[in-house]
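Colleague: Just one file: protein_27.cif, with mmCIF, C-alpha atoms.
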```cif
data_upload
loop_
_atom_site.label_atom_id
_atom_site.label_comp_id
_atom_site.auth_asym_id
_atom_site.auth_seq_id
_atom_site.Cartn_x
_atom_site.Cartn_y
_atom_site.Cartn_z
CA MET T 132 -0.24 -5.20 39.31
CA LEU T 133 -1.27 -3.98 42.75
CA GLU T 134 -4.07 -1.67 41.64
CA ARG T 135 -6.78 -3.74 43.28
CA ALA T 136 -4.97 -3.90 46.62
CA ARG T 137 -7.42 -1.46 48.17
CA GLY T 138 -10.48 -3.64 47.56
CA THR T 139 -11.34 -3.65 51.28
CA ALA T 140 -10.60 0.03 51.90
CA GLY T 141 -13.34 2.41 52.91
CA GLY T 142 -14.58 0.46 55.89
CA SER T 143 -16.22 -2.46 54.10
CA HIS T 144 -15.24 -5.64 55.90
CA HIS T 145 -16.80 -8.26 53.65
CA HIS T 146 -15.34 -11.73 53.58
CA GLN T 147 -13.13 -12.32 50.59
CA SER T 148 -13.57 -15.39 48.41
CA HIS T 149 -10.79 -17.91 48.21
CA SER T 150 -9.84 -16.75 44.70
CA GLU T 151 -9.70 -13.11 45.88
CA LEU T 152 -7.36 -14.14 48.70
CA GLN T 153 -5.16 -16.08 46.31
CA ALA T 154 -4.96 -13.04 44.03
CA LEU T 155 -4.03 -10.84 47.00
CA TYR T 156 -1.11 -13.09 47.93
CA ARG T 157 -0.06 -13.51 44.27
CA ARG T 158 0.31 -9.73 43.93
CA VAL T 159 3.31 -9.94 46.22
CA GLY T 160 4.52 -13.36 45.05
CA LEU T 161 3.44 -15.33 48.13
CA SER T 162 1.26 -18.31 48.97
CA GLU T 163 -1.60 -18.14 51.47
CA THR T 164 0.17 -20.85 53.45
CA CYS T 165 3.48 -19.02 53.79
CA PRO T 166 4.75 -18.73 57.37
CA GLU T 167 4.67 -15.36 59.13
CA PHE T 168 8.45 -14.94 58.90
CA VAL T 169 8.26 -15.26 55.10
CA LEU T 170 5.50 -12.64 54.98
CA ASP T 171 7.62 -10.32 57.16
CA ALA T 172 10.71 -10.83 54.98
CA ALA T 173 8.76 -10.19 51.78
CA HIS T 174 7.26 -7.03 53.27
CA ARG T 175 10.71 -5.72 54.23
CA ALA T 176 12.07 -6.56 50.76
CA TYR T 177 9.21 -4.71 49.06
CA ARG T 178 9.72 -1.68 51.30
CA LYS T 179 13.44 -1.59 50.55
CA ALA T 180 13.04 -2.11 46.81
CA LEU T 181 10.14 0.30 46.29
CA HIS T 182 10.78 3.09 48.79
CA PRO T 183 10.46 6.41 46.93
CA ASP T 184 13.42 7.99 48.75
CA LEU T 185 15.72 5.36 47.26
CA GLN T 186 14.64 5.99 43.66
CA PRO T 187 16.00 8.47 41.12
CA PRO T 188 14.13 11.80 41.14
CA ARG T 189 12.44 11.16 37.79
CA GLN T 190 10.92 7.91 39.13
CA LYS T 191 9.73 9.14 42.54
CA VAL T 192 6.07 9.62 41.59
CA GLN T 193 5.78 6.12 40.13
CA ALA T 194 7.78 4.66 43.02
CA GLU T 195 5.48 6.28 45.56
CA ARG T 196 2.41 4.83 43.83
CA ARG T 197 3.92 1.33 43.72
CA PHE T 198 5.08 1.61 47.34
CA LYS T 199 1.59 2.60 48.54
CA GLU T 200 -0.01 -0.21 46.55
CA ALA T 201 2.36 -2.77 48.06
CA GLU T 202 1.78 -1.41 51.57
CA ALA T 203 -2.00 -1.68 51.03
CA THR T 204 -1.64 -5.27 49.83
CA PHE T 205 0.41 -6.27 52.86
CA ALA T 206 -2.10 -4.51 55.15
CA ASP T 207 -4.95 -6.47 53.55
CA ILE T 208 -3.03 -9.73 54.01
CA ARG T 209 -2.40 -8.95 57.68
CA ARG T 210 -6.09 -8.10 58.22
CA HIS T 211 -7.05 -11.42 56.65
CA ARG T 212 -4.59 -13.31 58.86
CA LYS T 213 -5.95 -11.74 62.06
CA ARG T 214 -9.43 -13.16 61.45
#
```
What do you get writing this file as structure tokens?
Modeller:
Amino acid sequence: MLERARGTAGGSHHHQSHSELQALYRRVGLSETCPEFVLDAAHRAYRKALHPDLQPPRQKVQAERRFKEAEATFADIRRHRKR
């Protein structure tokens, strides 16, 4: 689901195509045109739902991976919005 969230990691700052941006927002169930407060609320909801410390011990490794992927996706969205 969020595996490609790190597409801009590693210092490459290429411009993303419109379809790549749409896919980025779709990963977290948002539209490119969503207001900032919706983006903030979705980010908080993802953090609360996926935080590894709130998961059962047997699911912590998977939860940590999903949490990091979601954080990377939201970071990419914020970078795009600052341009």
Colleague: Given the file above and the PyMOL selection byres ((chain T and resi 159) around 8), which residues are selected, and can you give them as a ChimeraX atom specification?
Modeller: /T:155-158,160-161,173,201,204
Colleague: From the options T:Arg189, T:Ala154, T:Lys199, T:Glu167, which residue's atoms come nearest to Lys213 in chain T, counting all atoms listed in the file?
Modeller: T:Glu167
Colleague: Please list as an MDAnalysis selection string every residue within 12 Å of Arg212 in chain T, counting all atoms listed in the file and excluding residues in the same chain fewer than 4 positions away.
Modeller: chainID T and resid 147 152 156 163:167 170 205:208
Colleague: Between CA of Arg178 in chain T and CA of Ser148 in chain T, what is the distance in Å, rounded to a tenth?
Modeller: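 Result for CA of Arg178 in chain T versus CA of Ser148 in chain T: 27.2 Å, one decimal.
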Colleague: Can you tell me which residues surround Lys179 in chain T at a distance of at most 12 Å, considering only C-alpha atoms, apart from same-chain residues fewer than 6 positions away, and format the answer as a PyMOL selection string?
Modeller: chain T and resi 172-173+185-186+194+198+201-202
Colleague: Set up a box along x, y and z of the file covering all listed atoms of range 197-201 of chain T, add 3 Å on every one of the six sides, and write the centre and edge lengths in Å to one decimal, as lines of an AutoDock Vina configuration file.
Modeller:
```
center_x = 2.5
center_y = -0.1
center_z = 46.1
size_x = 11.1
size_y = 11.4
size_z = 10.8
```
Colleague: Rounded to one decimal, what separation in Å do you get between CA of Gln193 in chain T and CA of Leu181 in chain T?
Modeller: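 Calculated distance between CA of Gln193 in chain T and CA of Leu181 in chain T is 9.5 Å.
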Colleague: Would you mind reading off the distance between CA of Val169 in chain T and CA of Arg210 in chain T, one decimal, in Å?
Modeller: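 So the two atoms, CA of Val169 in chain T and CA of Arg210 in chain T, lie 16.3 Å apart.
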